[in-house]
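J.: work_3.pdb is the file, holding PDB, C-alpha atoms:
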```pdb
MODEL        1
ATOM      1  CA  MET A   1      45.260  84.097  87.657
ATOM      2  CA  THR A   2      44.543  83.674  84.111
ATOM      3  CA  ALA A   3      47.571  82.845  81.984
ATOM      4  CA  PRO A   4      48.510  85.662  79.652
ATOM      5  CA  ALA A   5      47.155  85.067  76.147
ATOM      6  CA  LEU A   6      49.549  85.110  73.232
ATOM      7  CA  PRO A   7      48.740  87.652  70.586
ATOM      8  CA  ALA A   8      46.963  86.232  67.546
ATOM      9  CA  LYS A   9      49.322  85.253  64.699
ATOM     10  CA  PRO A  10      48.756  87.646  61.867
ATOM     11  CA  LYS A  11      47.373  86.061  58.678
ATOM     12  CA  ARG A  12      49.760  86.114  55.687
ATOM     13  CA  LYS A  13      48.244  87.543  52.583
ATOM     14  CA  ARG A  14      48.264  85.152  49.554
ATOM     15  CA  PRO A  15      50.066  86.466  46.465
ATOM     16  CA  VAL A  16      46.944  86.260  44.338
ATOM     17  CA  GLY A  17      48.455  88.070  41.379
ATOM     18  CA  TRP A  18      51.403  85.658  41.145
ATOM     19  CA  ILE A  19      49.156  82.606  41.247
ATOM     20  CA  VAL A  20      46.923  83.924  38.490
ATOM     21  CA  ALA A  21      49.932  84.750  36.293
ATOM     22  CA  ALA A  22      51.403  81.284  36.807
ATOM     23  CA  ALA A  23      48.112  79.649  35.911
ATOM     24  CA  ILE A  24      47.907  81.647  32.692
ATOM     25  CA  VAL A  25      51.431  80.549  31.715
ATOM     26  CA  VAL A  26      50.630  76.883  32.394
ATOM     27  CA  VAL A  27      47.449  77.043  30.310
ATOM     28  CA  ALA A  28      49.329  78.746  27.461
ATOM     29  CA  ILE A  29      51.983  76.031  27.485
ATOM     30  CA  ILE A  30      49.351  73.287  27.429
ATOM     31  CA  VAL A  31      47.534  74.933  24.515
ATOM     32  CA  ALA A  32      50.788  75.299  22.561
ATOM     33  CA  ILE A  33      51.658  71.645  23.120
ATOM     34  CA  VAL A  34      48.218  70.514  21.951
ATOM     35  CA  VAL A  35      48.412  72.665  18.803
ATOM     36  CA  VAL A  36      51.854  71.320  17.885
ATOM     37  CA  ALA A  37      50.737  67.762  18.559
ATOM     38  CA  VAL A  38      47.700  68.157  16.322
ATOM     39  CA  ARG A  39      49.781  69.642  13.499
ATOM     40  CA  ASN A  40      52.538  67.057  13.675
ATOM     41  CA  GLY A  41      50.185  64.183  14.237
ATOM     42  CA  GLY A  42      48.194  64.839  11.083
ATOM     43  CA  ASP A  43      48.293  62.588   8.062
ATOM     44  CA  ASP A  44      51.305  63.476   5.902
ATOM     45  CA  THR A  45      49.358  62.410   2.833
ATOM     46  CA  ALA A  46      47.127  65.441   2.952
ATOM     47  CA  GLY A  47      47.519  69.182   3.284
ATOM     48  CA  SER A  48      50.388  71.466   2.453
ATOM     49  CA  ALA A  49      53.914  70.106   2.663
ATOM     50  CA  SER A  50      55.110  73.294   4.341
ATOM     51  CA  SER A  51      53.212  72.501   7.575
ATOM     52  CA  ALA A  52      54.777  69.076   8.137
ATOM     53  CA  ALA A  53      57.565  68.764   5.597
ATOM     54  CA  PRO A  54      60.663  66.770   6.416
ATOM     55  CA  LYS A  55      63.723  68.962   6.699
ATOM     56  CA  THR A  56      65.526  67.173   3.894
ATOM     57  CA  VAL A  57      64.463  65.164   0.849
ATOM     58  CA  THR A  58      67.085  63.405  -1.259
ATOM     59  CA  ILE A  59      66.421  63.030  -4.987
ATOM     60  CA  GLY A  60      68.466  60.760  -7.247
ATOM     61  CA  VAL A  61      69.239  62.353 -10.623
ATOM     62  CA  SER A  62      71.594  61.916 -13.573
ATOM     63  CA  ASP A  63      72.173  65.578 -14.510
ATOM     64  CA  LYS A  64      72.799  67.343 -11.203
ATOM     65  CA  SER A  65      75.133  69.933 -12.747
ATOM     66  CA  LEU A  66      72.483  71.480 -15.003
ATOM     67  CA  PRO A  67      71.217  74.949 -13.953
ATOM     68  CA  TYR A  68      67.529  74.037 -13.737
ATOM     69  CA  TRP A  69      68.227  71.959 -10.646
ATOM     70  CA  LYS A  70      69.582  74.972  -8.763
ATOM     71  CA  THR A  71      66.408  76.882  -9.561
ATOM     72  CA  TYR A  72      64.369  73.897  -8.408
ATOM     73  CA  VAL A  73      66.311  73.440  -5.144
ATOM     74  CA  ASP A  74      66.088  77.144  -4.283
ATOM     75  CA  LEU A  75      62.353  77.175  -4.967
ATOM     76  CA  ALA A  76      61.764  74.067  -2.855
ATOM     77  CA  LYS A  77      63.346  75.795   0.117
ATOM     78  CA  LYS A  78      61.540  79.080  -0.472
ATOM     79  CA  ASP A  79      58.043  77.797  -1.275
ATOM     80  CA  LEU A  80      57.878  74.418   0.469
ATOM     81  CA  ASN A  81      60.374  74.835   3.301
ATOM     82  CA  VAL A  82      62.075  71.654   2.100
ATOM     83  CA  THR A  83      65.832  71.260   1.722
ATOM     84  CA  VAL A  84      66.417  69.173  -1.400
ATOM     85  CA  GLN A  85      69.666  67.242  -1.671
ATOM     86  CA  LEU A  86      70.565  65.890  -5.111
ATOM     87  CA  LYS A  87      72.453  62.617  -5.463
ATOM     88  CA  ASN A  88      73.928  62.174  -8.920
ATOM     89  CA  PHE A  89      74.164  58.791 -10.668
ATOM     90  CA  SER A  90      76.172  58.287 -13.847
ATOM     91  CA  ASP A  91      74.942  54.694 -14.259
ATOM     92  CA  TYR A  92      71.230  54.371 -15.062
ATOM     93  CA  SER A  93      71.076  50.954 -13.376
ATOM     94  CA  LEU A  94      71.657  52.470  -9.920
ATOM     95  CA  PRO A  95      68.948  55.073  -9.083
ATOM     96  CA  ASN A  96      66.047  52.604  -8.796
ATOM     97  CA  PRO A  97      67.813  50.168  -6.442
ATOM     98  CA  ALA A  98      68.952  53.194  -4.424
ATOM     99  CA  LEU A  99      65.313  54.308  -4.140
ATOM    100  CA  LYS A 100      64.188  50.831  -3.136
ATOM    101  CA  ASP A 101      66.888  50.656  -0.439
ATOM    102  CA  LYS A 102      65.964  54.143   0.871
ATOM    103  CA  GLN A 103      69.313  55.684  -0.057
ATOM    104  CA  VAL A 104      67.222  58.371  -1.768
ATOM    105  CA  ASP A 105      63.615  59.467  -1.223
ATOM    106  CA  LEU A 106      62.742  60.063  -4.890
ATOM    107  CA  ASN A 107      64.446  59.834  -8.248
ATOM    108  CA  GLN A 108      64.032  61.666 -11.532
ATOM    109  CA  PHE A 109      65.921  60.222 -14.495
ATOM    110  CA  GLN A 110      63.709  57.710 -16.317
ATOM    111  CA  HIS A 111      60.606  57.358 -18.432
ATOM    112  CA  ILE A 112      57.687  55.049 -17.674
ATOM    113  CA  GLN A 113      58.876  52.321 -20.038
ATOM    114  CA  TYR A 114      62.210  52.094 -18.244
ATOM    115  CA  LEU A 115      60.463  52.073 -14.862
ATOM    116  CA  ALA A 116      58.048  49.346 -15.963
ATOM    117  CA  ASN A 117      60.878  47.186 -17.228
ATOM    118  CA  TYR A 118      62.732  47.655 -13.934
ATOM    119  CA  ASN A 119      59.693  46.793 -11.808
ATOM    120  CA  VAL A 120      58.976  43.621 -13.762
ATOM    121  CA  THR A 121      62.546  42.346 -13.902
ATOM    122  CA  SER A 122      63.343  43.314 -10.290
ATOM    123  CA  ASP A 123      59.970  42.381  -8.756
ATOM    124  CA  ASP A 124      59.610  45.915  -7.423
ATOM    125  CA  ASP A 125      56.687  48.368  -7.323
ATOM    126  CA  LEU A 126      58.136  51.881  -7.630
ATOM    127  CA  GLN A 127      55.525  54.405  -8.759
ATOM    128  CA  PRO A 128      55.530  57.609 -10.863
ATOM    129  CA  ILE A 129      54.202  60.611  -8.933
ATOM    130  CA  GLY A 130      54.832  63.462 -11.363
ATOM    131  CA  ALA A 131      55.716  64.101 -14.997
ATOM    132  CA  THR A 132      58.614  66.127 -16.376
ATOM    133  CA  ALA A 133      58.993  65.879 -20.155
ATOM    134  CA  VAL A 134      59.151  63.728 -23.259
ATOM    135  CA  TYR A 135      62.361  63.717 -25.288
ATOM    136  CA  PRO A 136      61.380  63.038 -28.924
ATOM    137  CA  LEU A 137      63.224  60.281 -30.790
ATOM    138  CA  PRO A 138      64.242  61.709 -34.194
ATOM    139  CA  LEU A 139      64.701  60.127 -37.607
ATOM    140  CA  TYR A 140      67.484  61.620 -39.743
ATOM    141  CA  SER A 141      68.413  61.218 -43.387
ATOM    142  CA  THR A 142      71.154  62.538 -45.636
ATOM    143  CA  LYS A 143      69.298  61.288 -48.723
ATOM    144  CA  VAL A 144      65.726  62.561 -48.396
ATOM    145  CA  SER A 145      63.960  65.457 -46.716
ATOM    146  CA  ASP A 146      60.571  63.762 -46.284
ATOM    147  CA  VAL A 147      59.725  60.251 -45.103
ATOM    148  CA  GLU A 148      57.496  59.789 -48.166
ATOM    149  CA  ASP A 149      60.580  60.040 -50.381
ATOM    150  CA  PHE A 150      62.289  56.905 -49.038
ATOM    151  CA  ALA A 151      62.574  54.355 -51.839
ATOM    152  CA  GLU A 152      61.175  50.860 -51.431
ATOM    153  CA  GLY A 153      63.717  48.805 -49.524
ATOM    154  CA  ALA A 154      65.697  51.790 -48.223
ATOM    155  CA  LYS A 155      67.811  50.885 -45.187
ATOM    156  CA  ILE A 156      66.956  52.553 -41.881
ATOM    157  CA  ALA A 157      69.222  52.067 -38.857
ATOM    158  CA  ILE A 158      67.614  51.822 -35.415
ATOM    159  CA  PRO A 159      69.036  51.201 -31.909
ATOM    160  CA  ASN A 160      69.061  47.496 -31.063
ATOM    161  CA  ASP A 161      68.662  47.653 -27.266
ATOM    162  CA  ALA A 162      65.313  46.576 -25.806
ATOM    163  CA  ILE A 163      64.415  50.017 -24.470
ATOM    164  CA  ASN A 164      65.026  51.965 -27.693
ATOM    165  CA  GLU A 165      64.284  49.354 -30.360
ATOM    166  CA  ALA A 166      60.561  49.250 -29.645
ATOM    167  CA  ARG A 167      60.287  53.019 -29.589
ATOM    168  CA  ALA A 168      62.208  53.335 -32.857
ATOM    169  CA  LEU A 169      59.847  50.853 -34.486
ATOM    170  CA  LEU A 170      56.872  52.862 -33.223
ATOM    171  CA  VAL A 171      58.423  55.997 -34.737
ATOM    172  CA  LEU A 172      58.773  54.267 -38.113
ATOM    173  CA  GLN A 173      55.209  53.018 -37.853
ATOM    174  CA  SER A 174      53.995  56.579 -37.175
ATOM    175  CA  ALA A 175      55.924  57.637 -40.278
ATOM    176  CA  LYS A 176      54.026  54.935 -42.239
ATOM    177  CA  LEU A 177      57.242  53.124 -43.133
ATOM    178  CA  LEU A 178      56.199  49.831 -41.518
ATOM    179  CA  GLU A 179      53.440  48.173 -39.518
ATOM    180  CA  LEU A 180      53.665  46.235 -36.255
ATOM    181  CA  LYS A 181      51.621  43.338 -34.970
ATOM    182  CA  ASP A 182      48.553  44.598 -33.069
ATOM    183  CA  GLY A 183      49.786  48.151 -33.464
ATOM    184  CA  GLY A 184      52.958  47.519 -31.469
ATOM    185  CA  ASN A 185      53.825  48.434 -27.897
ATOM    186  CA  ALA A 186      56.748  49.540 -25.753
ATOM    187  CA  PHE A 187      58.314  46.088 -26.035
ATOM    188  CA  SER A 188      57.896  45.336 -29.737
ATOM    189  CA  THR A 189      60.857  43.882 -31.650
ATOM    190  CA  VAL A 190      61.722  43.542 -35.337
ATOM    191  CA  ALA A 191      60.016  40.137 -35.170
ATOM    192  CA  ASP A 192      56.708  42.016 -34.755
ATOM    193  CA  ILE A 193      56.998  43.786 -38.134
ATOM    194  CA  THR A 194      54.082  42.614 -40.285
ATOM    195  CA  SER A 195      54.706  44.799 -43.352
ATOM    196  CA  HIS A 196      57.333  47.331 -44.337
ATOM    197  CA  LYS A 197      58.401  49.769 -47.013
ATOM    198  CA  VAL A 198      61.945  50.098 -45.650
ATOM    199  CA  GLU A 199      64.501  47.598 -44.409
ATOM    200  CA  VAL A 200      65.240  47.991 -40.714
ATOM    201  CA  GLN A 201      68.860  47.559 -39.658
ATOM    202  CA  PRO A 202      69.304  47.249 -35.842
ATOM    203  CA  LEU A 203      72.642  48.577 -34.578
ATOM    204  CA  ASP A 204      74.149  49.541 -31.256
ATOM    205  CA  ALA A 205      72.638  52.894 -30.311
ATOM    206  CA  SER A 206      76.067  54.523 -30.399
ATOM    207  CA  GLN A 207      76.537  53.482 -34.046
ATOM    208  CA  THR A 208      73.314  54.665 -35.694
ATOM    209  CA  ALA A 209      74.668  58.174 -36.298
ATOM    210  CA  ASN A 210      77.924  56.796 -37.745
ATOM    211  CA  ALA A 211      76.031  54.533 -40.144
ATOM    212  CA  LEU A 212      74.091  57.536 -41.412
ATOM    213  CA  GLN A 213      77.142  59.762 -41.811
ATOM    214  CA  GLN A 214      79.147  57.023 -43.526
ATOM    215  CA  GLY A 215      76.350  56.465 -46.040
ATOM    216  CA  SER A 216      75.673  52.791 -45.261
ATOM    217  CA  VAL A 217      71.998  53.582 -44.574
ATOM    218  CA  GLU A 218      69.528  56.042 -46.081
ATOM    219  CA  GLY A 219      68.031  56.968 -42.741
ATOM    220  CA  SER A 220      68.753  56.519 -39.070
ATOM    221  CA  ILE A 221      66.997  56.922 -35.748
ATOM    222  CA  VAL A 222      69.460  58.500 -33.341
ATOM    223  CA  ASN A 223      69.015  59.121 -29.625
ATOM    224  CA  VAL A 224      69.401  62.776 -28.709
ATOM    225  CA  ASN A 225      72.637  62.329 -26.746
ATOM    226  CA  PHE A 226      74.332  60.458 -29.615
ATOM    227  CA  ALA A 227      72.945  62.949 -32.145
ATOM    228  CA  THR A 228      74.525  65.799 -30.194
ATOM    229  CA  SER A 229      77.872  63.974 -30.044
ATOM    230  CA  ALA A 230      77.739  63.399 -33.802
ATOM    231  CA  GLY A 231      76.924  67.036 -34.522
ATOM    232  CA  LEU A 232      73.392  66.299 -35.702
ATOM    233  CA  ASP A 233      70.929  69.099 -35.051
ATOM    234  CA  THR A 234      67.497  67.893 -34.009
ATOM    235  CA  LYS A 235      66.073  70.671 -36.169
ATOM    236  CA  ASP A 236      67.319  68.677 -39.162
ATOM    237  CA  ALA A 237      65.330  65.570 -38.232
ATOM    238  CA  ILE A 238      62.814  64.639 -40.920
ATOM    239  CA  PHE A 239      60.464  62.924 -38.455
ATOM    240  CA  GLN A 240      60.032  62.266 -34.755
ATOM    241  CA  ASP A 241      57.375  60.821 -32.495
ATOM    242  CA  ASP A 242      54.562  63.059 -31.328
ATOM    243  CA  PRO A 243      54.987  63.660 -27.560
ATOM    244  CA  LYS A 244      51.194  63.922 -27.204
ATOM    245  CA  SER A 245      50.396  60.695 -29.060
ATOM    246  CA  ASP A 246      49.382  57.451 -27.383
ATOM    247  CA  SER A 247      52.553  55.764 -28.649
ATOM    248  CA  ALA A 248      54.684  58.345 -26.814
ATOM    249  CA  ALA A 249      52.884  57.887 -23.467
ATOM    250  CA  PRO A 250      55.369  55.296 -22.154
ATOM    251  CA  TYR A 251      58.214  57.740 -22.741
ATOM    252  CA  VAL A 252      57.105  60.486 -20.374
ATOM    253  CA  ASN A 253      59.923  61.053 -17.894
ATOM    254  CA  VAL A 254      58.850  61.014 -14.273
ATOM    255  CA  PHE A 255      59.581  61.515 -10.601
ATOM    256  CA  ALA A 256      59.436  58.064  -8.991
ATOM    257  CA  ALA A 257      58.752  57.097  -5.379
ATOM    258  CA  ARG A 258      58.406  53.915  -3.379
ATOM    259  CA  ASN A 259      54.868  52.539  -3.530
ATOM    260  CA  ALA A 260      54.352  53.262   0.188
ATOM    261  CA  ASP A 261      55.181  56.931  -0.459
ATOM    262  CA  LYS A 262      53.174  57.561  -3.633
ATOM    263  CA  ASP A 263      50.593  59.640  -1.712
ATOM    264  CA  ASN A 264      53.095  61.501   0.473
ATOM    265  CA  ALA A 265      52.067  65.166   0.298
ATOM    266  CA  THR A 266      55.610  66.515   0.486
ATOM    267  CA  TYR A 267      56.816  64.288  -2.343
ATOM    268  CA  LEU A 268      53.791  65.143  -4.473
ATOM    269  CA  ASP A 269      54.431  68.842  -3.897
ATOM    270  CA  LEU A 270      58.063  68.412  -4.932
ATOM    271  CA  ALA A 271      57.053  66.616  -8.128
ATOM    272  CA  LYS A 272      54.497  69.335  -8.905
ATOM    273  CA  LEU A 273      57.114  72.018  -8.257
ATOM    274  CA  PHE A 274      58.843  70.980 -11.481
ATOM    275  CA  GLN A 275      55.937  72.590 -13.360
ATOM    276  CA  ASP A 276      56.655  76.007 -11.826
ATOM    277  CA  ASP A 277      57.315  78.668 -14.465
ATOM    278  CA  ALA A 278      60.713  79.540 -12.989
ATOM    279  CA  VAL A 279      61.892  75.922 -13.256
ATOM    280  CA  GLN A 280      60.396  75.438 -16.715
ATOM    281  CA  LYS A 281      62.143  78.536 -18.048
ATOM    282  CA  VAL A 282      65.600  77.239 -17.129
ATOM    283  CA  PHE A 283      64.751  73.642 -18.046
ATOM    284  CA  ALA A 284      63.845  74.780 -21.573
ATOM    285  CA  LYS A 285      67.328  76.254 -21.952
ATOM    286  CA  ASP A 286      69.011  73.119 -20.616
ATOM    287  CA  TYR A 287      66.902  70.783 -22.788
ATOM    288  CA  PRO A 288      65.595  72.799 -25.752
ATOM    289  CA  ASP A 289      64.265  69.671 -27.490
ATOM    290  CA  ALA A 290      62.301  68.385 -24.514
ATOM    291  CA  VAL A 291      58.527  68.692 -24.568
ATOM    292  CA  PRO A 292      57.153  69.379 -21.067
ATOM    293  CA  SER A 293      54.472  67.054 -19.719
ATOM    294  CA  ASP A 294      52.114  67.646 -16.813
ATOM    295  CA  GLU A 295      50.283  64.309 -16.684
ATOM    296  CA  SER A 296      48.665  63.601 -13.313
ATOM    297  CA  PRO A 297      50.062  60.953 -10.925
ATOM    298  CA  ALA A 298      46.925  58.845 -11.470
ATOM    299  CA  ALA A 299      47.343  58.907 -15.267
ATOM    300  CA  LEU A 300      51.041  58.076 -14.993
ATOM    301  CA  GLN A 301      50.359  55.175 -12.664
ATOM    302  CA  GLN A 302      47.680  53.833 -14.993
ATOM    303  CA  GLU A 303      50.118  54.007 -17.907
ATOM    304  CA  LEU A 304      52.719  52.196 -15.803
ATOM    305  CA  THR A 305      50.243  49.378 -15.134
ATOM    306  CA  THR A 306      49.588  49.031 -18.874
ATOM    307  CA  VAL A 307      53.269  49.013 -19.803
ATOM    308  CA  GLU A 308      54.082  46.520 -17.038
ATOM    309  CA  LYS A 309      51.543  44.125 -18.574
ATOM    310  CA  ASP A 310      53.327  44.498 -21.911
ATOM    311  CA  ALA A 311      56.671  43.909 -20.218
ATOM    312  CA  LYS A 312      55.442  40.706 -18.575
ATOM    313  CA  ALA A 313      53.983  39.487 -21.867
ATOM    314  CA  ALA A 314      57.295  40.185 -23.611
ATOM    315  CA  THR A 315      59.158  37.903 -21.198
ATOM    316  CA  LYS A 316      56.912  34.896 -21.915
TER
ENDMDL
END
```
Using structure tokens, write down the structure from this file.
T.:
Amino acid sequence: MTAPALPAKPKRKRPVGWIVAAAIVVVAIIVAIVVVAVRNGGDDTAGSASSAAPKTVTIGVSDKSLPYWKTYVDLAKKDLNVTVQLKNFSDYSLPNPALKDKQVDLNQFQHIQYLANYNVTSDDDLQPIGATAVYPLPLYSTKVSDVEDFAEGAKIAIPNDAINEARALLVLQSAKLLELKDGGNAFSTVADITSHKVEVQPLDASQTANALQQGSVEGSIVNVNFATSAGLDTKDAIFQDDPKSDSAAPYVNVFAARNADKDNATYLDLAKLFQDDAVQKVFAKDYPDAVPSDESPAALQQELTTVEKDAKAATK
């Protein structure tokens, strides 16, 4: 007798729809991962900062409380998707070392001449990546209303510190009140005066306004902050350097970065953001005497190289 045959085991139908759906999900995930990897793996020195911007950039400044910074910070978040944190320094000797030591990512408080002097004396290589403004250095007088009216031998007070003395001498040279050896530079001293109509009297920068008001000099070059403290209105200045002249080039204030970061797209975008109309409008109210500058990073870096050569020559 033939053994009874077991009934054939029914074939289980494969859930084709589920498998197809799962495959689609896996492919979508792989594509998403590749896209993110390509975006994040790109060179941060090119393209828009908004696509690969760090979440936070810290900028060292010396005037954090002024309104233009709030406008700038808000705009950085809105337009660049960058959260800017401001770190305030009351001592000008601190922001550059803080940048070097990566306590901040950028700083904005100094002009090129100051930066060049720092680089040379500290053996550093910080670089300017964007311009902000030039703050003219004014000449005041209570005796005359035109530089041509100064009498031969008239006494003119100037700041005696290395940073401001050279600039003051360049201002007097532009006013045709003296001449400097080889046309002068950002590190000229009174020893470089080759001819003069007036007698230069170097004083501590905080005392040049007092000397003028007390009548011990016929004219005085006074830094803007000391002029404000002394109640001198820059509108009353009889002369000041031309912010667009070659002699004023070292005094363009800048955003500075570490040399390794000078081509960082996010940092360049942040420096350029200063030129935005919304920022400029508030900045003009905060610093009505400032003259905005939009020099390119390349031009600023070339000027830095020139001024650094002068700084090195001045130390010999």
J.: Just checking: using all atoms listed in the file, which residue out of A:Ser65, A:Ser90, A:Ser247, A:Thr121 ends up closest to Ala166 in chain A?
T.: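 The closest residue to Ala166 in chain A is A:Ser247.
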J.: Report as a PyMOL selection string all protein, DNA and RNA residues lying within 9 Å of range 81-88 of chain A, evaluated on all atoms listed in the file, omitting residues in the same chain fewer than 4 positions from it.
T.: chain A and resi 49-51+53-65+69+72-77+95+104+107+266+270
J.: Identify all residues satisfying the PyMOL selection byres ((chain A and resi 181) around 8) in the given file; provide them as a PyMOL selection string.
T.: chain A and resi 179-180+182-184+192-194
J.: Give me the residues within 10 Å of Asn119 in chain A as a PyMOL selection string, counting only C-alpha atoms and dropping any in the same chain fewer than 4 places off.
T.: chain A and resi 96+113-115+123-127+304+308+311
J.: Can you write out as CSV which residues of range 231-296 of chain A fall within 8 Å of range 141-152 of chain A, alongside each residue's closest atom pair and its distance in Å to one decimal, counting all atoms listed in the file and ordering rows by chain and ascending residue number?
T.:
```
residue,atom,partner,partner_atom,distance
A:Ala237,CA,A:Ser141,CA,7.4
A:Ile238,CA,A:Asp146,CA,5.9
A:Phe239,CA,A:Val147,CA,7.2
```
J.: Which residue out of A:Ala227, A:Val198, A:Leu99, A:Ala186 has the minimum interatomic distance to Leu212 in chain A when only C-alpha atoms are used?
T.: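 Using only C-alpha atoms, Leu212 in chain A sits closest to A:Ala227.
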J.: In Å to one decimal, how far is CA of Ser174 in chain A from CA of Asp236 in chain A?
T.: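 Distance reported for this atom pair: 18.1 Å.
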J.: When you count all atoms listed in the file, which of these residues is closest to Asn117 in chain A: A:Leu169, A:Ala131, A:Ala162, A:Ala154?
T.: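 Nearest to Asn117 in chain A: A:Ala162.
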J.: Quick one: pull the distance between CA of Asp161 in chain A and CA of Val254 in chain A, Å, one decimal.
T.: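 Straight-line distance from CA of Asp161 in chain A to CA of Val254 in chain A works out to 21.1 Å.
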J.: On this file, the PyMOL selection byres ((chain A and resi 216) around 12) gives some set of residues; write that set as a PyMOL selection string.
T.: chain A and resi 141-143+154-157+201+203+207-215+217-220
J.: So the first atom is CA of His111 in chain A and the second is CA of Pro250 in chain A; what is the distance between them in Å, to one decimal place?
T.: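 CA of Pro250 in chain A lies at a distance of 6.7 Å from CA of His111 in chain A.
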J.: Tell me which of A:Val222, A:Ala257, A:Ile129, A:Ala168 sits closest to Gln103 in chain A, counting all atoms listed in the file.
T.: A:Ala257
J.: Which one of A:Val120, A:Leu94, A:Leu178, A:Leu172 sits closest to Ala313 in chain A if you count all atoms listed in the file?
T.: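 Of A:Val120, A:Leu94, A:Leu178, A:Leu172, the one nearest Ala313 in chain A is A:Val120, counting all atoms listed in the file.
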J.: Here is a test: counting only C-alpha atoms, which residue of A:Lys235, A:Lys262, A:Lys316, A:Lys281 is nearest to Pro67 in chain A?
T.: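 Among A:Lys235, A:Lys262, A:Lys316, A:Lys281, it is A:Lys281 that comes nearest to Pro67 in chain A.
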J.: Since I can't run it myself right now, could you work out what the PyMOL selection byres ((chain A and resi 253) around 10) selects here and report it as a list in words?
T.: Gln108, Phe109, Gln110, His111, Ile112, Gln113, Tyr114, Leu115, Pro128, Gly130, Ala131, Thr132, Ala133, Val134, Tyr135, Ala249, Pro250, Tyr251, Val252, Val254, Phe255, Ala256, Pro292, Ser293 and Leu300 of chain A
